[in-house]
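> Sharing a structure here in structure tokens format.
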Amino acid sequence: MIVVTGATGNIGRPLTQALADAGQEVTAVSRHAAPVPAGVRHVVADLAAPDSLKPVLTGAKALFLLLSGDLHAVGANPADVVRAAAQAGVRRLVLLSTQGVATRPFGTTRIKMLALEDVVRKSGLDWAILRPGGFATNALWWAESVRTRQLVAAPFGDTGVPIIDPTDIAEVAAACLVDDRHTGGVYTLTGPEVITPRGQTEAIAAALGTPVRFHELTRAEAKAYMTQSMPGELADDTLDILSAPSEAELQISPDVERVLGRVPRSFGEWAARNVEAFR
């Protein structure tokens with residue numbers, strides 16, 4: 001049995017589906033009740049309270065650990081989840097980390113994540129670590145304005161990064177959860193091309209078959225919007241990358257193709273597959 005945390009999110013949903021389609025027994029864990037694929041057991045639990053996971057982990061052979069906001073919860077200690085997995089007899093753990101632990105290692109959240117990576121490495125479990133860059137699904141922030149005003153508003157319109165389709169992250173995670181060849185792997189996951197917000201707007205317009213305007217926000221305007229749904233420090237971290245990506249953050253990683261045997265999906269492919277969100 002494989003336990004997937006964050007199972008109802010942008011990565012967890014396709015990961016749960018991919019594992020179920022492959023005939024794996026899956027337990028999907030999230031903080032709130034939600035639909036899951038047929039044949040998948042769903043359990044409500046909170047990673048900020050690792051004791052709530054103990055019954056879930058009993059009998060599991062592998063764990064996908066996605067912390068999301070749980071990493072930032074007051075009093076949370078994600079290392080306890082790793083220890084609980086080891087104590088329950090879990091043999092393999094795949095951790096969703098972030099590219100930023102390598103490219104910008106000094107932010108508070110990245111320091112915590114890098115420390116958690118070290119806990120995973122020393123846990124005695126078989127492990128793999130995934131370090132994705134920016135997500136294509138962040139474009140869903142623009143869905144309402146595209147639907148209502150045919151408009152994308154974003155900062156740094158002509159500065160791009162190689163954002164990744166979360167479904168590709170999910171498929172890499174599935175491979176790491178079931179295939180011994182990936183034990184000890186640390187994978188940087190990016191899309192196949194650097195794409196700017198203006199280029200993303202063009203891809204959304206192409207998927208819709210209708211024009212979409214682009215309006216460039218100031219950094220202050222963008223931060224004011226972002227802090228409605230994330231801590232100010234995380235918003236600043238994100239804006240730092242979007243405004244001036246480092247050479248490492250601009251590189252196209254070969255790791256998706258190395259694991260899956262195919263190139264990662266483009267943003268245009270993601271937009272076409274998710275076009276109904278923008279109609």
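Scheme for the structure tokens: letters A, B, ... for chains in order shown; per-chain residue numbers from 1; ligand numbers from 1 in order shown.
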Give me every alpha helix (DSSP H) residue in range 172-268 of chain A, going by DSSP on the backbone, as a VMD selection string.

chain A and resid 172 to 178 197 to 208 219 to 226 232 to 243 247 to 250 255 to 260 267 to 268

> Could you save the residues just selected, with N, CA and C atoms, as a compact mmCIF listing (two decimals), in the first residue's frame?


```txt
# COMPACT_ATOMS: atom_id res chain seq x y z
N VAL A 172 6.65 11.50 -12.19
CA VAL A 172 7.99 11.21 -11.66
C VAL A 172 7.86 10.63 -10.26
N ALA A 173 7.00 11.22 -9.44
CA ALA A 173 6.79 10.71 -8.09
C ALA A 173 6.32 9.26 -8.11
N ALA A 174 5.38 8.94 -9.01
CA ALA A 174 4.88 7.57 -9.10
C ALA A 174 6.01 6.60 -9.42
N ALA A 175 6.88 7.00 -10.37
CA ALA A 175 8.01 6.14 -10.72
C ALA A 175 8.94 5.94 -9.52
N CYS A 176 9.20 7.00 -8.78
CA CYS A 176 10.10 6.90 -7.63
C CYS A 176 9.50 6.06 -6.50
N LEU A 177 8.18 6.04 -6.40
CA LEU A 177 7.53 5.28 -5.34
C LEU A 177 7.55 3.77 -5.59
N VAL A 178 7.66 3.38 -6.85
CA VAL A 178 7.53 1.94 -7.15
C VAL A 178 8.79 1.32 -7.76
N PRO A 197 5.51 35.39 -18.54
CA PRO A 197 4.08 35.60 -18.35
C PRO A 197 3.37 36.05 -19.63
N ARG A 198 4.05 36.87 -20.43
CA ARG A 198 3.44 37.28 -21.69
C ARG A 198 3.28 36.07 -22.62
N GLY A 199 4.29 35.19 -22.63
CA GLY A 199 4.18 33.98 -23.43
C GLY A 199 3.10 33.04 -22.91
N GLN A 200 2.93 32.95 -21.61
CA GLN A 200 1.85 32.14 -21.03
C GLN A 200 0.49 32.69 -21.46
N THR A 201 0.38 34.00 -21.47
CA THR A 201 -0.86 34.63 -21.91
C THR A 201 -1.18 34.24 -23.35
N GLU A 202 -0.17 34.26 -24.19
CA GLU A 202 -0.37 33.87 -25.59
C GLU A 202 -0.79 32.41 -25.70
N ALA A 203 -0.23 31.55 -24.86
CA ALA A 203 -0.59 30.13 -24.90
C ALA A 203 -2.02 29.91 -24.44
N ILE A 204 -2.45 30.66 -23.42
CA ILE A 204 -3.84 30.56 -22.96
C ILE A 204 -4.78 31.04 -24.04
N ALA A 205 -4.43 32.17 -24.70
CA ALA A 205 -5.25 32.68 -25.79
C ALA A 205 -5.36 31.68 -26.93
N ALA A 206 -4.25 31.01 -27.26
CA ALA A 206 -4.27 30.01 -28.32
C ALA A 206 -5.17 28.84 -27.95
N ALA A 207 -5.12 28.42 -26.70
CA ALA A 207 -5.97 27.32 -26.26
C ALA A 207 -7.44 27.70 -26.32
N LEU A 208 -7.74 28.96 -25.97
CA LEU A 208 -9.12 29.44 -25.98
C LEU A 208 -9.63 29.75 -27.39
N ARG A 219 5.74 45.33 -8.85
CA ARG A 219 6.03 44.34 -7.80
C ARG A 219 5.11 44.55 -6.60
N ALA A 220 4.90 45.79 -6.20
CA ALA A 220 4.06 46.07 -5.04
C ALA A 220 2.62 45.59 -5.28
N GLU A 221 2.11 45.84 -6.49
CA GLU A 221 0.75 45.38 -6.80
C GLU A 221 0.66 43.86 -6.75
N ALA A 222 1.69 43.21 -7.29
CA ALA A 222 1.68 41.75 -7.29
C ALA A 222 1.75 41.19 -5.87
N LYS A 223 2.59 41.79 -5.04
CA LYS A 223 2.70 41.31 -3.66
C LYS A 223 1.39 41.49 -2.91
N ALA A 224 0.74 42.62 -3.09
CA ALA A 224 -0.54 42.85 -2.41
C ALA A 224 -1.55 41.77 -2.76
N TYR A 225 -1.55 41.36 -4.02
CA TYR A 225 -2.47 40.30 -4.45
C TYR A 225 -2.05 38.95 -3.87
N MET A 226 -0.76 38.64 -3.92
CA MET A 226 -0.28 37.33 -3.49
C MET A 226 -0.44 37.11 -2.00
N GLY A 232 3.75 36.84 3.57
CA GLY A 232 4.49 37.87 2.86
C GLY A 232 5.89 37.44 2.50
N GLU A 233 6.56 36.68 3.38
CA GLU A 233 7.92 36.22 3.10
C GLU A 233 7.94 35.31 1.87
N LEU A 234 6.96 34.42 1.77
CA LEU A 234 6.89 33.52 0.63
C LEU A 234 6.59 34.30 -0.65
N ALA A 235 5.73 35.32 -0.55
CA ALA A 235 5.45 36.16 -1.71
C ALA A 235 6.71 36.87 -2.19
N ASP A 236 7.49 37.40 -1.24
CA ASP A 236 8.74 38.07 -1.62
C ASP A 236 9.72 37.10 -2.26
N ASP A 237 9.82 35.89 -1.69
CA ASP A 237 10.70 34.87 -2.27
C ASP A 237 10.31 34.59 -3.71
N THR A 238 9.02 34.40 -3.93
CA THR A 238 8.53 34.09 -5.28
C THR A 238 8.82 35.23 -6.23
N LEU A 239 8.56 36.46 -5.79
CA LEU A 239 8.79 37.62 -6.65
C LEU A 239 10.27 37.83 -6.93
N ASP A 240 11.13 37.49 -5.97
CA ASP A 240 12.57 37.58 -6.21
C ASP A 240 12.98 36.68 -7.38
N ILE A 241 12.44 35.47 -7.40
CA ILE A 241 12.77 34.53 -8.48
C ILE A 241 12.19 35.01 -9.80
N LEU A 242 10.93 35.43 -9.78
CA LEU A 242 10.27 35.84 -11.02
C LEU A 242 10.90 37.09 -11.63
N SER A 243 11.43 37.96 -10.78
CA SER A 243 12.00 39.21 -11.30
C SER A 243 13.41 39.03 -11.82
N GLU A 247 21.02 31.88 -13.01
CA GLU A 247 21.38 31.02 -14.13
C GLU A 247 20.87 29.60 -13.90
N ALA A 248 20.97 29.11 -12.66
CA ALA A 248 20.50 27.76 -12.35
C ALA A 248 18.98 27.65 -12.51
N GLU A 249 18.27 28.72 -12.17
CA GLU A 249 16.79 28.70 -12.26
C GLU A 249 16.30 28.81 -13.70
N LEU A 250 17.19 29.18 -14.61
CA LEU A 250 16.84 29.25 -16.03
C LEU A 250 17.18 27.97 -16.79
N ASP A 255 15.92 15.89 -15.92
CA ASP A 255 15.52 14.82 -15.00
C ASP A 255 14.14 14.23 -15.29
N VAL A 256 13.20 15.03 -15.78
CA VAL A 256 11.90 14.44 -16.14
C VAL A 256 12.10 13.40 -17.24
N GLU A 257 12.85 13.75 -18.26
CA GLU A 257 13.09 12.80 -19.34
C GLU A 257 13.91 11.61 -18.85
N ARG A 258 14.84 11.85 -17.94
CA ARG A 258 15.66 10.76 -17.41
C ARG A 258 14.79 9.72 -16.70
N VAL A 259 13.78 10.17 -15.97
CA VAL A 259 12.93 9.25 -15.22
C VAL A 259 11.83 8.66 -16.10
N LEU A 260 11.18 9.49 -16.92
CA LEU A 260 9.99 9.05 -17.65
C LEU A 260 10.26 8.61 -19.09
N PHE A 267 4.03 24.37 -21.42
CA PHE A 267 2.93 25.14 -20.85
C PHE A 267 1.75 25.17 -21.81
N GLY A 268 2.03 25.22 -23.10
CA GLY A 268 0.93 25.21 -24.07
C GLY A 268 0.09 23.95 -23.96
```

> Show which residues sit within 8 Å of Val44 in chain A, as a list in words. Count only C-alpha atoms, and ignore same-chain residues fewer than 6 positions away.

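Selected residues are Val29, Ser30, Arg31, His32 and Ala33 of chain A.
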
> Which is closest to Val146 in chain A among A:Leu53, A:Ala60, A:Val212, A:Met230, if we use only C-alpha atoms?

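For Val146 in chain A, the nearest of the given residues is A:Val212.
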
> Which residues are near Leu116 in chain A? Cut-off 9 Å, only C-alpha atoms, ignore same chain within fewer than 5 positions. Put them as a ChimeraX atom specification.

/A:78-79,82,97,111,121

> Any chance you could list, as a list in words, the residues in range 45-196 of chain A that come up strand (DSSP E) when DSSP is run on the backbone?

Ala62, Leu63, Phe64, Leu65, Arg92, Leu93, Val94, Leu95, Leu96, Asp126, Trp127, Ala128, Ile129, Leu130, Arg131, Pro132, Leu151, Val152, Ala153, Ala154, Pro155, Val186, Tyr187, Thr188 and Leu189 of chain A

> Identify, on the basis of only C-alpha atoms, every residue whose closest approach to Ser123 in chain A does not exceed 10 Å; exclude the query and any residue fewer than 6 positions from it along the same chain; express the result as an NGL selection string.

:A and (79 or 82-83 or 85-86 or 93 or 117)

> Between CA of Ser266 in chain A and CA of Trp127 in chain A, what is the spacing in Å?

28.0 Å

> Do you have the CA of Ala272 in chain A-CA of Gly209 in chain A distance handy?

10.3 Å

> List as a tab-separated table every residue of range 33-63 of chain A that is in contact with range 23-28 of chain A, defined as an atom at most 6 Å from one of its atoms (using only C-alpha atoms), together with the nearest atom pair and the distance in Å rounded to one decimal, sorted by chain and then rising number.


```
residue	atom	partner	partner_atom	distance
A:Val40	CA	A:Val26	CA	5.4
A:Arg41	CA	A:Thr27	CA	4.7
A:His42	CA	A:Ala28	CA	4.7
```

> With only C-alpha atoms as the atoms that count, which of A:Glu193, A:Ala45, A:Asn77, A:Pro55 lies nearest to Met113 in chain A?

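Using only C-alpha atoms, Met113 in chain A sits closest to A:Asn77.
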
> Pick the closest to Leu63 in chain A from A:Thr5, A:Ser145, A:Thr109, A:Gln150: which is it, counting only C-alpha atoms?

A:Thr5
